[in-house]
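Below is the file coords_10.txt, which contains compact mmCIF, C-alpha atoms.
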# COMPACT_ATOMS: atom_id res chain seq x y z
CA MET A 1 136.11 84.30 53.00
CA LEU A 2 132.87 86.25 53.20
CA SER A 3 131.89 84.59 56.47
CA ARG A 4 135.31 85.39 57.92
CA LEU A 5 134.96 89.05 56.89
CA THR A 6 131.49 89.18 58.41
CA ALA A 7 132.83 87.77 61.67
CA CYS A 8 135.62 90.35 61.73
CA LEU A 9 133.21 93.19 61.12
CA LEU A 10 130.91 91.89 63.86
CA THR A 11 133.84 91.67 66.28
CA ALA A 12 134.90 95.20 65.41
CA GLY A 13 131.35 96.43 65.88
CA LEU A 14 131.11 94.86 69.31
CA ALA A 15 134.43 96.42 70.29
CA LEU A 16 133.25 99.85 69.19
CA THR A 17 130.02 99.36 71.12
CA ALA A 18 131.98 98.43 74.22
CA LEU A 19 134.11 101.54 73.84
CA ALA A 20 131.08 103.74 73.22
CA GLY A 21 129.27 102.42 76.30
CA PRO A 22 131.28 104.36 78.90
CA LEU A 23 131.30 107.45 76.68
CA ALA A 24 127.53 107.32 76.31
CA ALA A 25 127.16 106.89 80.06
CA GLU A 26 129.52 109.80 80.64
CA GLU A 27 127.24 112.14 78.67
CA ARG A 28 124.13 111.18 80.60
CA PRO A 29 123.20 113.03 83.82
CA ALA A 30 124.69 111.22 86.80
CA LYS A 31 121.27 111.12 88.46
CA GLU A 32 120.03 108.81 85.68
CA LEU A 33 122.98 106.47 86.08
CA PHE A 34 122.73 106.20 89.87
CA GLY A 35 118.93 106.26 89.91
CA ALA A 36 118.86 103.19 87.66
CA LYS A 37 120.81 101.02 90.11
CA ARG A 38 118.51 98.85 92.21
CA LEU A 39 121.23 97.26 94.35
CA PRO A 40 124.46 98.53 95.94
CA ALA A 41 128.04 97.97 94.85
CA ARG A 42 129.44 94.79 96.36
CA MET A 43 132.41 96.52 97.95
CA ALA A 44 133.62 97.49 101.40
CA ALA A 45 131.39 100.17 102.91
CA SER A 46 132.83 103.59 102.16
CA PRO A 47 131.46 107.03 101.23
CA TYR A 48 133.24 109.01 98.53
CA GLY A 49 133.01 112.75 98.05
CA SER A 50 130.76 115.20 99.86
CA TYR A 51 127.20 114.97 101.09
CA ALA A 52 125.99 116.79 97.95
CA LYS A 53 128.50 115.42 95.42
CA GLY A 54 129.49 111.84 95.93
CA CYS A 55 128.48 108.21 96.14
CA ILE A 56 128.72 105.21 98.48
CA ALA A 57 130.12 101.72 98.12
CA GLY A 58 128.87 98.81 100.19
CA ALA A 59 125.60 100.41 101.32
CA VAL A 60 123.10 98.34 103.29
CA ALA A 61 119.32 98.63 103.39
CA ILE A 62 117.26 99.12 106.50
CA PRO A 63 114.32 96.67 106.63
CA THR A 64 110.98 98.15 105.67
CA ASP A 65 109.68 97.33 109.16
CA GLY A 66 111.33 97.14 112.53
CA PRO A 67 110.08 97.00 116.12
CA SER A 68 110.30 100.79 116.35
CA TRP A 69 110.21 102.07 112.76
CA GLN A 70 108.47 101.82 109.40
CA ALA A 71 110.00 102.94 106.12
CA MET A 72 107.93 105.21 103.88
CA ARG A 73 107.75 105.85 100.11
CA LEU A 74 109.16 102.41 99.34
CA SER A 75 108.97 102.82 95.58
CA ARG A 76 111.79 105.38 95.74
CA ASN A 77 114.25 102.67 96.82
CA ARG A 78 116.07 105.09 99.10
CA ARG A 79 116.40 102.95 102.25
CA TRP A 80 120.13 102.51 101.73
CA GLY A 81 122.97 103.96 103.75
CA HIS A 82 126.35 103.45 105.32
CA PRO A 83 126.12 100.75 108.04
CA ASP A 84 126.91 103.44 110.66
CA MET A 85 123.89 105.46 109.52
CA ILE A 86 121.56 102.47 109.54
CA ALA A 87 122.80 101.38 112.98
CA LEU A 88 122.18 104.88 114.33
CA ILE A 89 118.61 104.89 113.01
CA GLU A 90 117.94 101.59 114.76
CA ARG A 91 119.32 102.93 118.05
CA PHE A 92 117.51 106.25 117.68
CA SER A 93 114.20 104.50 117.03
CA GLN A 94 114.56 102.56 120.29
CA ASP A 95 115.55 105.66 122.25
CA ALA A 96 112.61 107.54 120.73
CA GLN A 97 110.18 105.04 122.20
CA LYS A 98 111.73 105.62 125.63
CA LEU A 99 110.84 109.30 125.20
CA GLY A 100 107.20 108.39 124.59
CA TRP A 101 107.38 108.54 120.78
CA PRO A 102 105.56 105.51 119.26
CA GLY A 103 108.24 104.89 116.64
CA LEU A 104 109.87 106.48 113.60
CA LEU A 105 108.51 106.90 110.10
CA LEU A 106 111.61 106.88 107.91
CA GLY A 107 111.95 109.08 104.86
CA ASP A 108 114.80 109.07 102.37
CA ILE A 109 118.27 107.90 103.34
CA SER A 110 120.14 107.27 100.08
CA GLN A 111 120.03 105.34 96.83
CA PRO A 112 121.74 101.93 96.66
CA ARG A 113 124.95 103.51 95.37
CA GLY A 114 124.23 107.02 96.53
CA GLY A 115 124.94 109.70 93.97
CA PRO A 116 122.58 112.39 92.65
CA MET A 117 118.88 111.59 92.82
CA LEU A 118 116.30 111.94 90.09
CA SER A 119 114.22 114.16 92.37
CA GLY A 120 113.95 115.59 95.83
CA HIS A 121 117.46 116.16 97.16
CA ALA A 122 120.89 117.54 96.44
CA SER A 123 122.41 115.87 99.48
CA HIS A 124 121.79 112.27 100.67
CA GLN A 125 124.51 111.18 98.20
CA VAL A 126 126.96 109.36 100.47
CA GLY A 127 124.66 107.36 102.75
CA LEU A 128 125.22 109.60 105.79
CA ASP A 129 121.91 111.54 105.74
CA ALA A 130 118.45 110.42 106.82
CA ASP A 131 115.03 112.05 106.95
CA ILE A 132 112.68 111.36 109.86
CA TRP A 133 109.02 112.35 109.65
CA PHE A 134 107.48 114.53 112.34
CA THR A 135 104.48 112.18 112.11
CA PRO A 136 104.70 109.43 114.75
CA MET A 137 104.51 105.80 113.70
CA PRO A 138 100.94 104.44 113.97
CA ASP A 139 100.10 101.44 116.16
CA ARG A 140 99.70 99.19 113.11
CA ARG A 141 101.71 98.28 110.06
CA LEU A 142 100.94 100.54 107.12
CA SER A 143 100.17 98.98 103.76
CA ALA A 144 102.43 99.63 100.76
CA GLU A 145 99.78 101.95 99.33
CA GLU A 146 99.50 103.91 102.59
CA ARG A 147 103.27 104.33 102.70
CA GLU A 148 103.14 105.91 99.25
CA LYS A 149 100.16 108.19 99.87
CA LEU A 150 100.14 109.11 103.55
CA PRO A 151 100.44 112.90 103.59
CA PHE A 152 103.12 114.75 105.51
CA THR A 153 102.13 116.81 108.54
CA SER A 154 103.64 120.28 108.73
CA MET A 155 104.56 121.66 112.12
CA LEU A 156 103.93 125.24 110.92
CA ASP A 157 100.92 127.50 111.27
CA LYS A 158 100.20 128.17 107.60
CA SER A 159 98.35 131.42 108.42
CA LYS A 160 101.44 133.04 109.91
CA PHE A 161 105.00 133.66 108.79
CA LEU A 162 107.49 131.10 110.13
CA THR A 163 105.47 130.18 113.19
CA VAL A 164 105.17 126.75 114.78
CA ASP A 165 101.61 125.47 115.12
CA SER A 166 101.09 124.94 118.85
CA ARG A 167 98.23 122.54 118.13
CA ARG A 168 100.67 120.10 116.52
CA TRP A 169 104.08 120.75 118.02
CA THR A 170 104.59 119.10 121.40
CA SER A 171 107.34 118.80 123.97
CA THR A 172 107.87 115.24 122.73
CA HIS A 173 108.67 116.58 119.26
CA ALA A 174 111.27 118.81 120.88
CA ARG A 175 112.79 115.95 122.87
CA LEU A 176 112.90 113.81 119.72
CA VAL A 177 114.88 116.41 117.75
CA MET A 178 117.23 117.06 120.65
CA LYS A 179 117.76 113.34 121.19
CA ALA A 180 118.87 113.06 117.57
CA ALA A 181 121.35 115.88 118.18
CA SER A 182 122.73 114.18 121.30
CA TYR A 183 124.61 111.35 119.55
CA PRO A 184 128.34 112.05 119.13
CA GLN A 185 128.36 110.86 115.53
CA VAL A 186 125.54 113.25 114.56
CA GLU A 187 127.03 116.45 113.20
CA ARG A 188 123.87 118.32 112.24
CA VAL A 189 120.08 118.08 112.53
CA PHE A 190 118.30 120.28 109.97
CA VAL A 191 114.91 121.77 110.84
CA ASN A 192 112.73 124.62 109.63
CA PRO A 193 113.83 128.04 110.99
CA ALA A 194 110.57 128.34 112.92
CA ILE A 195 111.26 125.05 114.69
CA LYS A 196 114.79 126.14 115.54
CA LYS A 197 113.38 129.39 116.97
CA LYS A 198 110.83 127.43 119.01
CA LEU A 199 113.60 125.26 120.46
CA CYS A 200 115.71 128.32 121.25
CA GLU A 201 112.78 129.79 123.20
CA THR A 202 111.67 126.67 125.05
CA TRP A 203 114.45 124.08 125.39
CA GLN A 204 115.48 123.58 129.01
CA GLY A 205 118.04 120.82 128.50
CA ASP A 206 121.64 120.97 127.34
CA ARG A 207 121.86 124.22 125.38
CA ALA A 208 125.18 123.19 123.84
CA LEU A 209 123.35 120.59 121.74
CA LEU A 210 121.21 123.33 120.17
CA GLY A 211 124.19 124.33 118.09
CA LYS A 212 123.84 121.11 116.10
CA VAL A 213 120.24 121.96 115.20
CA ARG A 214 120.54 124.05 112.03
CA PRO A 215 117.78 126.11 110.34
CA ILE A 216 117.14 125.54 106.64
CA TYR A 217 114.39 125.87 104.01
CA GLY A 218 111.53 123.37 104.20
CA HIS A 219 112.03 120.73 106.89
CA ASP A 220 108.72 121.58 108.59
CA GLU A 221 107.30 118.09 107.93
CA HIS A 222 110.45 116.12 108.70
CA PHE A 223 113.89 116.64 110.18
CA HIS A 224 117.17 115.64 108.60
CA ILE A 225 119.94 113.86 110.48
CA ARG A 226 123.51 114.06 109.17
CA ILE A 227 126.36 112.04 110.65
CA LYS A 228 130.10 112.63 110.39
CA CYS A 229 132.38 110.91 107.92
CA PRO A 230 133.14 107.45 109.38
CA GLU A 231 136.54 107.00 110.93
CA GLY A 232 139.09 105.90 108.36
CA ALA A 233 136.94 106.91 105.37
CA ALA A 234 139.67 108.80 103.51
CA GLY A 235 137.49 109.41 100.47
CA CYS A 236 134.74 111.14 102.46
CA LYS A 237 134.82 114.95 102.40
CA PRO A 238 133.74 116.36 105.78
CA GLN A 239 131.66 119.48 106.20
CA ALA A 240 132.93 122.52 108.11
CA ARG A 241 132.53 122.37 111.87
CA VAL A 242 129.31 123.74 113.33
CA PRO A 243 129.93 127.28 114.63
CA ALA A 244 130.34 127.60 118.39
CA GLY A 245 127.29 128.49 120.49
CA ASP A 246 123.65 127.46 120.48
CA GLY A 247 122.81 129.04 117.11
CA CYS A 248 120.08 131.21 118.66
CA ASP A 249 121.76 134.35 117.35
CA GLN A 250 122.13 136.52 114.26
CA SER A 251 122.42 133.46 112.03
CA LEU A 252 118.89 132.50 113.07
CA ALA A 253 117.59 136.08 112.89
CA TRP A 254 118.59 136.18 109.21
CA TRP A 255 115.92 133.62 108.37
CA PHE A 256 113.23 136.01 109.62
CA THR A 257 114.22 138.77 107.20
CA LYS A 258 113.24 139.21 103.56
CA GLU A 259 116.57 138.13 102.13
CA PRO A 260 116.29 134.31 102.32
CA TRP A 261 112.84 134.31 100.75
CA ALA A 262 113.18 136.96 98.05
CA LYS A 263 112.90 135.92 94.43
CA PRO A 264 116.16 136.44 92.56
CA THR A 265 116.17 139.61 90.46
CA PRO A 266 116.79 138.73 86.80
CA LYS A 267 119.52 140.67 85.05
CA LYS A 268 118.39 142.94 82.26
CA ASP A 269 118.56 141.29 78.82
CA ALA A 270 119.97 138.13 80.37
CA LYS A 271 119.44 135.02 78.27
CA PRO A 272 117.90 131.96 79.93
CA VAL A 273 120.61 129.65 81.18
CA LYS A 274 120.22 126.04 80.20
CA PRO A 275 120.57 123.89 83.32
CA ARG A 276 123.70 121.78 83.44
CA TYR A 277 123.21 118.43 85.08
CA VAL A 278 125.94 116.84 87.17
CA LYS A 279 127.78 114.18 85.18
CA LEU A 280 129.77 111.21 86.33
CA SER A 281 132.99 113.12 85.63
CA ASP A 282 131.93 115.77 88.17
CA LEU A 283 131.94 113.18 90.97
CA PRO A 284 134.99 111.63 92.66
CA ASN A 285 136.86 109.15 90.44
CA ALA A 286 135.92 106.32 92.79
CA CYS A 287 132.26 106.80 91.87
CA SER A 288 132.91 105.38 88.39
CA THR A 289 134.13 102.19 90.05
CA VAL A 290 131.17 102.17 92.43
CA LEU A 291 128.77 102.57 89.52
CA ALA A 292 130.38 99.78 87.48
CA SER A 293 130.83 97.34 90.36
CA ALA A 294 128.97 94.06 90.61
CA SER A 295 125.79 93.82 92.67
CA PRO A 296 125.03 91.33 95.45
CA ALA A 297 122.89 88.35 94.56
CA SER A 298 119.80 89.84 96.21
CA GLU A 299 118.58 92.72 98.32
CA GLN A 300 118.08 90.39 101.27
CA GLU A 301 121.80 89.64 101.26
CA VAL A 302 122.60 93.28 102.10
CA THR A 303 119.67 94.22 104.33
CA TYR A 304 120.62 95.30 107.84
CA GLN A 305 119.80 92.81 110.56
CA GLY A 306 120.75 94.74 113.67
CA ASN A 307 123.88 95.13 115.77
CA GLY A 308 125.91 96.18 112.76
CA GLY A 309 125.25 93.09 110.68
CA VAL A 310 123.37 92.01 107.58
CA SER A 311 121.58 88.76 106.97
CA SER A 312 120.14 86.81 104.07
CA THR A 313 116.97 86.29 106.11
CA ALA A 314 116.28 89.97 106.76
CA LEU A 315 112.95 91.48 105.76
CA ALA A 316 113.43 93.45 102.57
CA PHE A 317 111.61 95.25 99.81
CA SER A 318 112.41 95.71 96.14
CA GLY A 319 110.83 98.79 94.65
CA GLY A 320 109.45 98.98 91.16
CA GLY A 321 110.47 100.31 88.48
CA GLU A 322 113.81 119.66 90.01
CA SER A 323 115.17 119.56 93.11
CA PRO A 324 115.35 122.62 95.44
CA ALA A 325 118.78 121.43 96.26
CA ALA A 326 121.22 123.92 94.81
CA SER A 327 120.08 126.91 96.85
CA ILE A 328 119.41 124.85 99.96
CA GLU A 329 122.73 123.03 99.85
CA SER A 330 124.66 126.27 99.37
CA VAL A 331 123.20 127.54 102.64
CA ILE A 332 123.89 124.24 104.38
CA ALA A 333 127.44 124.13 103.07
CA ALA A 334 128.21 127.70 104.16
CA ASP A 335 126.58 127.31 107.56
CA THR A 336 128.52 130.15 109.13
CA LEU A 337 127.55 133.07 111.32
CA LEU A 338 125.87 135.89 109.46
CA PRO A 339 125.90 139.64 110.17
CA ALA A 340 123.56 140.92 112.85
CA ILE A 341 120.16 141.64 111.32
CA VAL A 342 117.01 142.57 113.18
CA PRO A 343 114.11 140.23 112.29
CA ILE A 344 111.37 141.89 110.25
CA PRO A 345 107.83 140.45 110.19
CA ILE A 346 106.84 139.89 106.54
CA PRO A 347 104.21 137.88 104.65
CA ARG A 348 104.70 134.20 104.01
CA PRO A 349 107.76 133.39 101.91
CA PHE A 350 107.54 132.78 98.19
CA GLN A 351 106.87 129.16 97.32

So that I can check it, write out the structure of this file as structure tokens.
Amino acid sequence: MLSRLTACLLTAGLALTALAGPLAAEERPAKELFGAKRLPARMAASPYGSYAKGCIAGAVAIPTDGPSWQAMRLSRNRRWGHPDMIALIERFSQDAQKLGWPGLLLGDISQPRGGPMLSGHASHQVGLDADIWFTPMPDRRLSAEEREKLPFTSMLDKSKFLTVDSRRWTSTHARLVMKAASYPQVERVFVNPAIKKKLCETWQGDRALLGKVRPIYGHDEHFHIRIKCPEGAAGCKPQARVPAGDGCDQSLAWWFTKEPWAKPTPKKDAKPVKPRYVKLSDLPNACSTVLASASPASEQEVTYQGNGGVSSTALAFSGGGESPAASIESVIAADTLLPAIVPIPIPRPFQ
């Protein structure tokens, strides 16, 4: 009798634990839940939600090394993206070499299941964003340690306000950015305002493509490629269309005023606001399914092998083991024309 009672209590305890599991997960920040996943959801490839609030099913990894690219910061495990994004990177890396660029150094794309990241980004959540370093690929394969520690190279003159360093910026850099903007599936290419201004002043090619190149905070050491929602991806929330024109107008002039760089003025007697982290319930409902879905047997099984496919023999890497995003993403999301403002030379922006 006692043993039967013990068994019943144990069964009840396990049931309560099973019920508490999802509730406990629900209370945790979503970035912890998605950051803990080392492999993607074994589902059909599909992004859900928006670039800054969503997730991705069926992501694939780009190999750490290709004939015209090398992936950086491997321990982050952010080489994952929608197959369309990974295929574009492969094509872009080949086209870059035709421009005279040695090859791409790849920054963050997305986590295996997308979602909020533990650090570094607010976007990159649906596998449709990718960062490309302004540093060209070296003529040798970097070691794992070098990929973690190699410093970024800023394209700005640090002694002047929002000014491109002519000793580093070259016409090949310009062609590289504009090539990225040339693909039909690319909706935006984010760069530092100074780089956008430099392109406005010097680009002699198709000026219509300049409209895709959008100014934003940071992005002086890398540029950020964003592609459109894939065709048929009903769960993907598109961003507003890029405004007409080349973007070399009042919307760019605004970045050279005090307003974007001013520290927020605290309200008198205002109490500190405790930060609220995004939870799973804040994301599209499909993201709960993506998070709970089974994983593939191995990373190799879902590593991109070229021409839109994946292969179990592909080269792969398994990694071991707050973000400036809110203000940056609000500017990116708005991305509309601003009132005419005359640029005012001021000291370097607040860090």

* Asked: atom CA of Val126 of chain A and atom CA of Met85 of chain A, how far apart in Å?
  ->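 Answer for the atom CA of Met85 of chain A to atom CA of Val126 of chain A separation: 10.3 Å.
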
* Structure fact -> Taken to one decimal, the atom CA of Lys212 of chain A-atom CA of Ala244 of chain A distance is 9.5 Å

* Asked: Can you tell me, as a list in words, what residues are no more than 12 Å from Arg276 of chain A when counting only C-alpha atoms, ignoring any on the same chain fewer than 2 positions away?
  ->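 Non-adjacent residues within range: Glu27, Arg28, Pro29, Ala30, Val273, Lys274, Val278, Lys279, Asp282 and Ala326 of chain A.
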
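Separating atom CA of Asn77 of chain A from atom CA of Thr303 of chain A is a distance of 12.5 Å.
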
* Point out the residue among A:Ala122, A:Ile62, A:Leu99, A:Ala144 with the least atom-to-atom distance to Ser50 of chain A, counting all atoms listed in the file. => A:Ala122

* For Trp69 of chain A, which of A:Pro40, A:Gly115, A:Gly35, A:Pro138 is the closest residue, counting only C-alpha atoms? ->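 That would be A:Pro138, the residue with the smallest distance to Trp69 of chain A.
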
Would you mind exporting segment 122-133 of chain A with all heavy atoms, as a PDB file, in the first residue's frame?
ATOM      1  N   ALA A 122      19.401  43.966 -31.471  1.00  0.00           N
ATOM      2  CA  ALA A 122      17.964  43.841 -31.277  1.00  0.00           C
ATOM      3  C   ALA A 122      17.362  43.154 -32.489  1.00  0.00           C
ATOM      4  O   ALA A 122      16.383  42.429 -32.373  1.00  0.00           O
ATOM      5  CB  ALA A 122      17.315  45.204 -31.092  1.00  0.00           C
ATOM      6  N   SER A 123      17.955  43.371 -33.652  1.00  0.00           N
ATOM      7  CA  SER A 123      17.467  42.710 -34.866  1.00  0.00           C
ATOM      8  C   SER A 123      18.181  41.360 -35.024  1.00  0.00           C
ATOM      9  O   SER A 123      18.537  40.736 -34.042  1.00  0.00           O
ATOM     10  CB  SER A 123      17.667  43.618 -36.080  1.00  0.00           C
ATOM     11  OG  SER A 123      19.023  43.940 -36.247  1.00  0.00           O
ATOM     12  N   HIS A 124      18.354  40.889 -36.248  1.00  0.00           N
ATOM     13  CA  HIS A 124      18.976  39.580 -36.507  1.00  0.00           C
ATOM     14  C   HIS A 124      18.150  38.445 -35.897  1.00  0.00           C
ATOM     15  O   HIS A 124      18.682  37.391 -35.572  1.00  0.00           O
ATOM     16  CB  HIS A 124      20.404  39.516 -35.951  1.00  0.00           C
ATOM     17  CG  HIS A 124      21.397  40.384 -36.658  1.00  0.00           C
ATOM     18  ND1 HIS A 124      22.329  39.910 -37.553  1.00  0.00           N
ATOM     19  CD2 HIS A 124      21.607  41.720 -36.589  1.00  0.00           C
ATOM     20  CE1 HIS A 124      23.072  40.914 -37.998  1.00  0.00           C
ATOM     21  NE2 HIS A 124      22.642  42.031 -37.431  1.00  0.00           N
ATOM     22  N   GLN A 125      16.838  38.615 -35.742  1.00  0.00           N
ATOM     23  CA  GLN A 125      16.030  37.613 -35.041  1.00  0.00           C
ATOM     24  C   GLN A 125      15.334  36.620 -35.954  1.00  0.00           C
ATOM     25  O   GLN A 125      14.853  35.592 -35.479  1.00  0.00           O
ATOM     26  CB  GLN A 125      14.987  38.316 -34.157  1.00  0.00           C
ATOM     27  CG  GLN A 125      15.604  39.070 -32.997  1.00  0.00           C
ATOM     28  CD  GLN A 125      14.615  39.445 -31.919  1.00  0.00           C
ATOM     29  OE1 GLN A 125      13.581  38.801 -31.737  1.00  0.00           O
ATOM     30  NE2 GLN A 125      14.923  40.492 -31.184  1.00  0.00           N
ATOM     31  N   VAL A 126      15.262  36.917 -37.258  1.00  0.00           N
ATOM     32  CA  VAL A 126      14.506  36.034 -38.153  1.00  0.00           C
ATOM     33  C   VAL A 126      15.373  35.454 -39.273  1.00  0.00           C
ATOM     34  O   VAL A 126      14.857  34.920 -40.256  1.00  0.00           O
ATOM     35  CB  VAL A 126      13.281  36.763 -38.745  1.00  0.00           C
ATOM     36  CG1 VAL A 126      12.232  37.001 -37.672  1.00  0.00           C
ATOM     37  CG2 VAL A 126      13.675  38.076 -39.404  1.00  0.00           C
ATOM     38  N   GLY A 127      16.680  35.545 -39.138  1.00  0.00           N
ATOM     39  CA  GLY A 127      17.577  34.925 -40.112  1.00  0.00           C
ATOM     40  C   GLY A 127      17.668  35.643 -41.439  1.00  0.00           C
ATOM     41  O   GLY A 127      18.113  35.051 -42.427  1.00  0.00           O
ATOM     42  N   LEU A 128      17.280  36.934 -41.477  1.00  0.00           N
ATOM     43  CA  LEU A 128      17.286  37.693 -42.730  1.00  0.00           C
ATOM     44  C   LEU A 128      18.234  38.887 -42.660  1.00  0.00           C
ATOM     45  O   LEU A 128      18.177  39.773 -43.517  1.00  0.00           O
ATOM     46  CB  LEU A 128      15.864  38.171 -43.060  1.00  0.00           C
ATOM     47  CG  LEU A 128      14.783  37.081 -43.146  1.00  0.00           C
ATOM     48  CD1 LEU A 128      13.422  37.706 -43.415  1.00  0.00           C
ATOM     49  CD2 LEU A 128      15.127  36.054 -44.231  1.00  0.00           C
ATOM     50  N   ASP A 129      19.097  38.931 -41.654  1.00  0.00           N
ATOM     51  CA  ASP A 129      20.096  39.993 -41.491  1.00  0.00           C
ATOM     52  C   ASP A 129      21.481  39.372 -41.440  1.00  0.00           C
ATOM     53  O   ASP A 129      21.654  38.259 -40.930  1.00  0.00           O
ATOM     54  CB  ASP A 129      19.864  40.763 -40.185  1.00  0.00           C
ATOM     55  CG  ASP A 129      18.553  41.516 -40.143  1.00  0.00           C
ATOM     56  OD1 ASP A 129      18.455  42.553 -40.814  1.00  0.00           O
ATOM     57  OD2 ASP A 129      17.626  41.069 -39.430  1.00  0.00           O
ATOM     58  N   ALA A 130      22.467  40.098 -41.927  1.00  0.00           N
ATOM     59  CA  ALA A 130      23.852  39.615 -41.859  1.00  0.00           C
ATOM     60  C   ALA A 130      24.805  40.788 -41.788  1.00  0.00           C
ATOM     61  O   ALA A 130      24.616  41.799 -42.473  1.00  0.00           O
ATOM     62  CB  ALA A 130      24.182  38.740 -43.065  1.00  0.00           C
ATOM     63  N   ASP A 131      25.827  40.657 -40.945  1.00  0.00           N
ATOM     64  CA  ASP A 131      26.867  41.677 -40.815  1.00  0.00           C
ATOM     65  C   ASP A 131      28.107  41.257 -41.596  1.00  0.00           C
ATOM     66  O   ASP A 131      28.558  40.106 -41.492  1.00  0.00           O
ATOM     67  CB  ASP A 131      27.247  41.882 -39.350  1.00  0.00           C
ATOM     68  CG  ASP A 131      26.164  42.584 -38.553  1.00  0.00           C
ATOM     69  OD1 ASP A 131      25.302  43.229 -39.184  1.00  0.00           O
ATOM     70  OD2 ASP A 131      26.186  42.509 -37.307  1.00  0.00           O
ATOM     71  N   ILE A 132      28.658  42.199 -42.353  1.00  0.00           N
ATOM     72  CA  ILE A 132      29.879  41.972 -43.127  1.00  0.00           C
ATOM     73  C   ILE A 132      30.928  42.963 -42.662  1.00  0.00           C
ATOM     74  O   ILE A 132      30.688  44.167 -42.644  1.00  0.00           O
ATOM     75  CB  ILE A 132      29.629  42.171 -44.646  1.00  0.00           C
ATOM     76  CG1 ILE A 132      28.412  41.353 -45.115  1.00  0.00           C
ATOM     77  CG2 ILE A 132      30.887  41.811 -45.432  1.00  0.00           C
ATOM     78  CD1 ILE A 132      28.565  39.871 -45.003  1.00  0.00           C
ATOM     79  N   TRP A 133      32.090  42.485 -42.296  1.00  0.00           N
ATOM     80  CA  TRP A 133      33.162  43.363 -41.827  1.00  0.00           C
ATOM     81  C   TRP A 133      33.690  44.229 -42.969  1.00  0.00           C
ATOM     82  O   TRP A 133      33.736  43.792 -44.130  1.00  0.00           O
ATOM     83  CB  TRP A 133      34.312  42.537 -41.265  1.00  0.00           C
ATOM     84  CG  TRP A 133      34.056  41.917 -39.919  1.00  0.00           C
ATOM     85  CD1 TRP A 133      32.851  41.527 -39.406  1.00  0.00           C
ATOM     86  CD2 TRP A 133      35.039  41.601 -38.938  1.00  0.00           C
ATOM     87  NE1 TRP A 133      33.025  40.983 -38.164  1.00  0.00           N
ATOM     88  CE2 TRP A 133      34.349  41.017 -37.840  1.00  0.00           C
ATOM     89  CE3 TRP A 133      36.418  41.735 -38.861  1.00  0.00           C
ATOM     90  CZ2 TRP A 133      35.011  40.585 -36.692  1.00  0.00           C
ATOM     91  CZ3 TRP A 133      37.086  41.310 -37.726  1.00  0.00           C
ATOM     92  CH2 TRP A 133      36.387  40.743 -36.651  1.00  0.00           C
TER      93      TRP A 133
END
